[in-house]
file coords.tsv (TSV, C-alpha atoms and all ligand atoms)
chain	number	residue	atom	x	y	z
F	1	MET	CA	7.00	10.90	-5.12
F	2	CYS	CA	7.03	7.31	-4.10
F	3	GLY	CA	6.32	4.05	-5.86
F	4	ILE	CA	3.38	1.70	-5.69
F	5	VAL	CA	3.17	-1.80	-7.16
F	6	GLY	CA	0.45	-4.43	-6.67
F	7	PHE	CA	0.15	-7.92	-8.11
F	8	THR	CA	-2.39	-10.72	-7.93
F	9	GLY	CA	-2.25	-13.78	-10.16
F	10	GLU	CA	-0.65	-17.13	-10.82
F	11	HIS	CA	2.91	-16.32	-9.75
F	12	GLN	CA	4.73	-15.58	-6.51
F	13	ALA	CA	4.09	-11.91	-5.80
F	14	ALA	CA	7.12	-10.84	-3.75
F	15	PRO	CA	9.80	-11.11	-6.49
F	16	ILE	CA	7.46	-9.35	-8.94
F	17	LEU	CA	6.85	-6.52	-6.46
F	18	LEU	CA	10.55	-6.07	-5.69
F	19	ASP	CA	11.35	-5.99	-9.39
F	20	GLY	CA	8.56	-3.47	-10.02
F	21	LEU	CA	9.69	-1.26	-7.16
F	22	SER	CA	13.26	-1.30	-8.49
F	23	LYS	CA	11.93	0.16	-11.76
F	24	LEU	CA	10.34	2.99	-9.78
F	25	GLU	CA	13.48	3.81	-7.79
F	26	TYR	CA	14.19	6.80	-10.04
F	27	ARG	CA	11.18	8.54	-8.44
F	28	GLY	CA	13.09	8.77	-5.16
F	29	TYR	CA	12.34	7.13	-1.78
F	30	ASP	CA	13.64	6.68	1.75
F	31	SER	CA	12.13	3.33	2.76
F	32	ALA	CA	10.31	0.36	1.28
F	33	GLY	CA	7.89	-2.40	2.22
F	34	ILE	CA	5.73	-5.23	0.94
F	35	ALA	CA	2.63	-7.08	2.16
F	36	ILE	CA	2.04	-10.56	0.75
F	37	ARG	CA	-0.98	-12.81	1.09
F	38	ASP	CA	-0.88	-16.56	0.74
F	39	GLY	CA	-4.50	-17.54	0.12
F	40	SER	CA	-6.69	-16.65	3.05
F	41	ALA	CA	-3.79	-16.35	5.54
F	42	ASP	CA	-3.15	-12.91	7.04
F	43	ALA	CA	-0.85	-10.68	5.02
F	44	GLU	CA	2.80	-10.88	5.95
F	45	ILE	CA	4.31	-7.38	6.11
F	46	ILE	CA	8.03	-6.74	5.74
F	47	LYS	CA	9.40	-3.20	5.67
F	48	ALA	CA	12.68	-1.40	6.11
F	49	LYS	CA	14.03	2.11	5.96
F	50	GLY	CA	16.80	2.71	3.46
F	51	ARG	CA	17.45	1.23	0.05
F	52	LEU	CA	15.32	-1.41	-1.61
F	53	LYS	CA	18.39	-3.63	-1.29
F	54	VAL	CA	17.74	-3.85	2.48
F	55	LEU	CA	14.22	-5.15	1.84
F	56	ALA	CA	15.52	-7.56	-0.80
F	57	GLU	CA	18.09	-8.89	1.68
F	58	LYS	CA	15.46	-9.24	4.43
F	59	THR	CA	13.30	-11.37	2.12
F	60	ASN	CA	16.00	-13.25	0.20
F	61	ASP	CA	15.01	-11.37	-2.97
F	62	GLY	CA	11.37	-12.08	-2.20
F	63	GLU	CA	11.90	-15.87	-2.14
F	64	SER	CA	11.21	-16.20	1.60
F	65	VAL	CA	7.72	-14.64	1.48
F	66	LYS	CA	5.15	-16.92	-0.12
F	67	GLY	CA	1.90	-15.81	-1.71
F	68	THR	CA	0.46	-14.80	-5.06
F	69	CYS	CA	-1.17	-11.52	-4.04
F	70	GLY	CA	0.59	-8.49	-2.64
F	71	ILE	CA	1.32	-4.80	-2.55
F	72	GLY	CA	4.68	-3.00	-2.43
F	73	HIS	CA	5.69	0.58	-1.70
F	74	THR	CA	8.67	2.88	-1.76
F	75	ARG	CA	8.09	5.82	0.57
F	76	TRP	CA	9.08	9.44	0.30
F	77	ALA	CA	8.26	10.64	3.81
F	78	THR	CA	5.98	13.67	4.11
F	79	HIS	CA	4.45	13.03	7.57
F	80	GLY	CA	6.55	11.23	10.15
F	81	GLY	CA	10.25	10.45	10.18
F	82	VAL	CA	12.09	7.88	8.14
F	83	THR	CA	11.64	4.76	10.30
F	84	ASP	CA	10.69	1.11	9.83
F	85	VAL	CA	7.37	1.73	11.61
F	86	ASN	CA	6.45	4.67	9.37
F	87	ALA	CA	7.28	2.70	6.21
F	88	HIS	CA	4.28	1.29	4.34
F	89	PRO	CA	2.27	-1.00	4.18
F	90	HIS	CA	0.19	-0.13	7.24
F	91	ARG	CA	-2.18	-2.60	8.87
F	92	VAL	CA	-5.16	-1.58	11.00
F	93	GLY	CA	-7.64	-4.35	11.84
F	94	LYS	CA	-8.73	-6.03	8.61
F	95	VAL	CA	-7.10	-3.43	6.35
F	96	VAL	CA	-3.59	-3.42	4.85
F	97	LEU	CA	-2.81	-0.32	2.82
F	98	ILE	CA	-0.15	1.59	0.89
F	99	HIS	CA	-0.49	5.25	0.03
F	100	ASN	CA	1.18	7.71	-2.27
F	101	GLY	CA	0.46	11.38	-1.59
F	102	ILE	CA	-0.58	13.59	1.29
F	103	ILE	CA	-3.79	13.56	3.36
F	104	GLU	CA	-4.15	17.18	4.38
F	105	ASN	CA	-6.90	16.72	6.98
F	106	TYR	CA	-5.50	13.64	8.73
F	107	ARG	CA	-5.31	15.30	12.15
F	108	GLN	CA	-8.98	16.31	12.04
F	109	ILE	CA	-9.91	12.77	10.97
F	110	VAL	CA	-8.07	11.27	13.96
F	111	THR	CA	-9.97	13.54	16.34
F	112	GLU	CA	-13.36	13.35	14.68
F	113	TYR	CA	-13.40	9.55	14.38
F	114	GLY	CA	-11.50	8.75	17.60
F	115	LEU	CA	-8.71	6.82	15.87
F	116	ALA	CA	-5.70	7.82	18.01
F	117	ASP	CA	-5.44	4.60	20.02
F	118	GLN	CA	-5.24	2.49	16.85
F	119	LEU	CA	-2.24	4.26	15.36
F	120	VAL	CA	1.34	3.10	15.79
F	121	SER	CA	3.04	5.27	13.16
F	122	GLU	CA	3.27	9.05	12.68
F	123	THR	CA	1.99	8.95	9.12
F	124	ASP	CA	-1.08	10.48	7.51
F	125	SER	CA	-1.43	7.19	5.58
F	126	GLU	CA	-2.10	4.99	8.60
F	127	VAL	CA	-5.04	7.24	9.47
F	128	VAL	CA	-6.65	6.24	6.15
F	129	ALA	CA	-6.18	2.55	7.04
F	130	ALA	CA	-7.80	3.14	10.45
F	131	LEU	CA	-10.74	5.03	8.92
F	132	LEU	CA	-11.29	2.33	6.28
F	133	ASN	CA	-11.20	-0.34	8.97
F	134	LYS	CA	-13.75	1.62	11.00
F	135	PHE	CA	-16.10	1.91	8.02
F	136	TYR	CA	-15.57	-1.66	6.77
F	137	GLU	CA	-18.54	-3.96	7.40
F	138	GLY	CA	-17.90	-6.57	4.67
F	139	ASP	CA	-18.43	-4.35	1.62
F	140	PRO	CA	-15.04	-2.96	0.48
F	141	VAL	CA	-16.36	-0.64	-2.21
F	142	LYS	CA	-18.85	0.91	0.21
F	143	ALA	CA	-16.12	1.42	2.83
F	144	ILE	CA	-13.70	2.90	0.28
F	145	LYS	CA	-16.32	5.31	-1.08
F	146	LYS	CA	-17.24	6.42	2.44
F	147	THR	CA	-13.55	6.90	3.33
F	148	VAL	CA	-12.51	8.93	0.29
F	149	LYS	CA	-15.43	11.32	0.83
F	150	VAL	CA	-13.74	12.28	4.10
F	151	LEU	CA	-10.21	12.71	2.69
F	152	SER	CA	-8.76	15.94	1.35
F	153	GLY	CA	-5.49	15.84	-0.51
F	154	ALA	CA	-3.75	13.76	-3.12
F	155	PHE	CA	-3.75	10.00	-2.91
F	156	ALA	CA	-3.18	6.76	-4.72
F	157	LEU	CA	-4.20	3.87	-2.48
F	158	CYS	CA	-3.86	0.10	-2.82
F	159	ILE	CA	-5.77	-1.88	-0.23
F	160	MET	CA	-6.17	-5.51	0.81
F	161	PHE	CA	-8.95	-6.70	3.14
F	162	GLN	CA	-8.22	-9.64	5.45
F	163	ASP	CA	-11.41	-11.56	4.57
F	164	ILE	CA	-11.08	-11.07	0.78
F	165	PRO	CA	-8.08	-13.09	-0.48
F	166	ASP	CA	-6.38	-12.61	-3.86
F	167	THR	CA	-7.87	-9.15	-4.34
F	168	ILE	CA	-6.36	-5.67	-4.34
F	169	TYR	CA	-8.59	-2.60	-4.28
F	170	ALA	CA	-7.24	0.68	-5.61
F	171	ILE	CA	-8.41	4.25	-5.86
F	172	ARG	CA	-6.69	7.49	-6.79
F	173	ASN	CA	-7.17	11.23	-6.67
F	174	VAL	CA	-4.51	13.40	-8.38
F	175	SER	CA	-1.66	10.93	-7.65
F	176	PRO	CA	-1.16	8.68	-10.69
F	177	MET	CA	-1.70	4.93	-10.93
F	178	VAL	CA	-1.97	2.58	-13.94
F	179	ALA	CA	-3.11	-1.03	-14.18
F	180	THR	CA	-3.12	-3.90	-16.65
F	181	SER	CA	-3.75	-7.62	-16.75
F	182	CYS	CA	-2.41	-10.56	-18.74
F	183	GLU	CA	-2.36	-14.36	-18.36
F	184	ARG	CA	0.20	-14.06	-15.52
F	185	GLY	CA	-2.12	-11.90	-13.46
F	186	SER	CA	-3.15	-8.33	-12.79
F	187	VAL	CA	-0.71	-5.60	-11.92
F	188	ILE	CA	-1.03	-2.00	-10.79
F	189	ALA	CA	1.69	0.63	-10.39
F	190	SER	CA	2.48	4.31	-10.04
F	191	ASP	CA	3.68	4.47	-13.61
F	192	LEU	CA	4.14	2.49	-16.80
F	193	THR	CA	7.81	1.66	-16.30
F	194	ALA	CA	6.80	-0.99	-13.75
F	195	LEU	CA	4.24	-2.52	-16.13
F	196	ILE	CA	6.28	-2.87	-19.31
F	197	GLU	CA	7.07	-6.54	-18.85
F	198	PHE	CA	3.33	-7.28	-18.47
F	199	SER	CA	2.31	-5.58	-21.72
F	201	LIG	N1	2.38	10.87	3.18
F	201	LIG	C1	2.77	9.50	3.26
F	201	LIG	C2	3.90	9.27	4.26
F	201	LIG	O1	4.56	10.20	4.65
F	201	LIG	C3	3.10	8.90	1.90
F	201	LIG	C4	4.31	9.54	1.28
F	201	LIG	C5	4.62	8.96	-0.10
F	201	LIG	O2	3.92	9.32	-1.06
F	201	LIG	O3	5.56	8.17	-0.18
F	201	LIG	O4	4.11	8.14	4.63

call {"tool": "encode", "arguments": {"input": "coords.tsv", "output": "structure tokens"}}
result
Amino acid sequence: MCGIVGFTGEHQAAPILLDGLSKLEYRGYDSAGIAIRDGSADAEIIKAKGRLKVLAEKTNDGESVKGTCGIGHTRWATHGGVTDVNAHPHRVGKVVLIHNGIIENYRQIVTEYGLADQLVSETDSEVVAALLNKFYEGDPVKAIKKTVKVLSGAFALCIMFQDIPDTIYAIRNVSPMVATSCERGSVIASDLTALIEFS
């Protein structure tokens, strides 16, 4: 199991994501990463194998990455070794994505949709980002629906699209995810422990 946290709202996202991920550490993980958006600027992605502490040090506890919308992930590798490149988030074209779970048919998807030259990691998750990017023509919900019809396996996905600032899209099948919102913003996570301070 890994951990997923997303936040969009009125506060800096990176410290909130790091704090949320620390509450999910008990689930186990081997690497961690965050993607933060500052308005319409491209997402900044920072990731590192090893403890969350490494990511916190790389980002000065989140202070050095500005933006009020972002997604964060702790990975428990199932496909691909434990490396910085294989850590999430993954970016392909306009899509930045984190994934919890296993995509069983990812190899078939790569072949069927000709995605191999777009992939830099060994993960099943990056294949989902590449497929979403292929299907994306300006309507995120349409692209997400088309993508999940192709996937077999368990997944919780949080997605940001380059041309849609301040917005996180999420969808799940089997893998858990919970969300809430308050005056500080909206938050989504793998489980309630990361949401308690927003309730
Ligand atoms: N299957 C994905 C990977 O190996 C996600 C694993 C997870 O749930 O952390 O990167």

call {"tool": "atom_distance", "arguments": {"input": "coords.tsv", "atom1": "atom CA of F:Ile168", "atom2": "atom CA of F:Val120"}}
result
23.3 Å

call {"tool": "atom_distance", "arguments": {"input": "coords.tsv", "atom1": "atom CA of F:Gly185", "atom2": "atom CA of F:Ile98"}}
result
19.8 Å

call {"tool": "atom_distance", "arguments": {"input": "coords.tsv", "atom1": "atom CA of F:Tyr136", "atom2": "atom CA of F:Arg107"}}
result
20.5 Å

call {"tool": "closest_residue", "arguments": {"input": "coords.tsv", "among": "F:Ile71, F:Ala32, F:Ala130, F:Ala56", "to": "ligand LIG 201 (chain F)", "atoms": "only C-alpha atoms and all ligand atoms"}}
result
F:Ala32

call {"tool": "residues_near_ligand", "arguments": {"input": "coords.tsv", "ligand": "ligand LIG 201 (chain F)", "cutoff": "6 Å", "atoms": "all atoms listed in the file", "output": "CSV table (one decimal) with C-alpha atoms, in the coordinates of the input"}}
result
chain,number,residue,atom,x,y,z
F,1,MET,CA,7.0,10.9,-5.1
F,2,CYS,CA,7.0,7.3,-4.1
F,75,ARG,CA,8.1,5.8,0.6
F,76,TRP,CA,9.1,9.4,0.3
F,77,ALA,CA,8.3,10.6,3.8
F,78,THR,CA,6.0,13.7,4.1
F,79,HIS,CA,4.4,13.0,7.6
F,80,GLY,CA,6.6,11.2,10.2
F,99,HIS,CA,-0.5,5.2,0.0
F,100,ASN,CA,1.2,7.7,-2.3
F,101,GLY,CA,0.5,11.4,-1.6
F,102,ILE,CA,-0.6,13.6,1.3
F,123,THR,CA,2.0,9.0,9.1
F,124,ASP,CA,-1.1,10.5,7.5
F,125,SER,CA,-1.4,7.2,5.6

call {"tool": "closest_residue", "arguments": {"input": "coords.tsv", "among": "F:Leu132, F:Leu151, F:Ile109, F:Leu157", "to": "F:Val5", "atoms": "only C-alpha atoms"}}
result
F:Leu157

call {"tool": "residues_near_point", "arguments": {"input": "coords.tsv", "point": "(1.3, -4.9, 3.5)", "cutoff": "7 Å", "atoms": "all atoms listed in the file", "output": "list in words"}}
result
Ile34, Ala35, Ile36, Ala43, Glu44, Ile45, Ile71, His88, Pro89, His90, Arg91, Val96 and Leu97 of chain F

call {"tool": "closest_residue", "arguments": {"input": "coords.tsv", "among": "F:Glu126, F:Leu24, F:Tyr29, F:Thr167", "to": "F:Ser186", "atoms": "only C-alpha atoms"}}
result
F:Thr167

call {"tool": "residues_around", "arguments": {"input": "coords.tsv", "residues": "stretch 17-22 of chain F", "least_positions_apart": "4", "cutoff": "12 Å", "atoms": "only C-alpha atoms", "output": "number ranges by chain"}}
result
F: 2-8, 11-13, 26-29, 31-36, 46-47, 51-63, 65, 67-75, 186-198

call {"tool": "residues_around", "arguments": {"input": "coords.tsv", "residues": "F:Ser152", "least_positions_apart": "5", "cutoff": "7 Å", "atoms": "only C-alpha atoms", "output": "list of chain:residue names"}}
result
F:Ile103, F:Glu104, F:Asn105

call {"tool": "closest_residue", "arguments": {"input": "coords.tsv", "among": "F:Lys146, F:Thr180, F:Asn86, F:Gly9", "to": "F:Lys134", "atoms": "only C-alpha atoms"}}
result
F:Lys146

call {"tool": "residues_around", "arguments": {"input": "coords.tsv", "residues": "F:Ser40", "least_positions_apart": "6", "cutoff": "10 Å", "atoms": "all atoms listed in the file", "output": "ChimeraX atom specification"}}
result
/F:67,162-166

call {"tool": "closest_residue", "arguments": {"input": "coords.tsv", "among": "F:Tyr106, F:Met177, F:Glu122, F:Ile16", "to": "F:Thr147", "atoms": "only C-alpha atoms"}}
result
F:Tyr106

call {"tool": "closest_residue", "arguments": {"input": "coords.tsv", "among": "F:Val110, F:Ala170, F:Ala14, F:Ile159", "to": "F:Lys66", "atoms": "all atoms listed in the file"}}
result
F:Ala14

call {"tool": "residues_near_point", "arguments": {"input": "coords.tsv", "point": "(-13.0, 1.8, -5.5)", "cutoff": "10 Å", "atoms": "all atoms listed in the file", "output": "list in words"}}
result
Pro140, Val141, Lys142, Ala143, Ile144, Lys145, Val148, Leu157, Cys158, Ile159, Tyr169, Ala170, Ile171 and Arg172 of chain F

call {"tool": "write_last_selection", "arguments": {"input": "coords.tsv", "atoms": "C-alpha atoms", "output": "PDB file, in the coordinates of the input"}}
result
ATOM      1  CA  PRO F 140     -15.040  -2.960   0.480  1.00  0.00           C
ATOM      2  CA  VAL F 141     -16.360  -0.640  -2.210  1.00  0.00           C
ATOM      3  CA  LYS F 142     -18.850   0.910   0.210  1.00  0.00           C
ATOM      4  CA  ALA F 143     -16.120   1.420   2.830  1.00  0.00           C
ATOM      5  CA  ILE F 144     -13.700   2.900   0.280  1.00  0.00           C
ATOM      6  CA  LYS F 145     -16.320   5.310  -1.080  1.00  0.00           C
ATOM      7  CA  VAL F 148     -12.510   8.930   0.290  1.00  0.00           C
ATOM      8  CA  LEU F 157      -4.200   3.870  -2.480  1.00  0.00           C
ATOM      9  CA  CYS F 158      -3.860   0.100  -2.820  1.00  0.00           C
ATOM     10  CA  ILE F 159      -5.770  -1.880  -0.230  1.00  0.00           C
ATOM     11  CA  TYR F 169      -8.590  -2.600  -4.280  1.00  0.00           C
ATOM     12  CA  ALA F 170      -7.240   0.680  -5.610  1.00  0.00           C
ATOM     13  CA  ILE F 171      -8.410   4.250  -5.860  1.00  0.00           C
ATOM     14  CA  ARG F 172      -6.690   7.490  -6.790  1.00  0.00           C
TER      15      ARG F 172
END
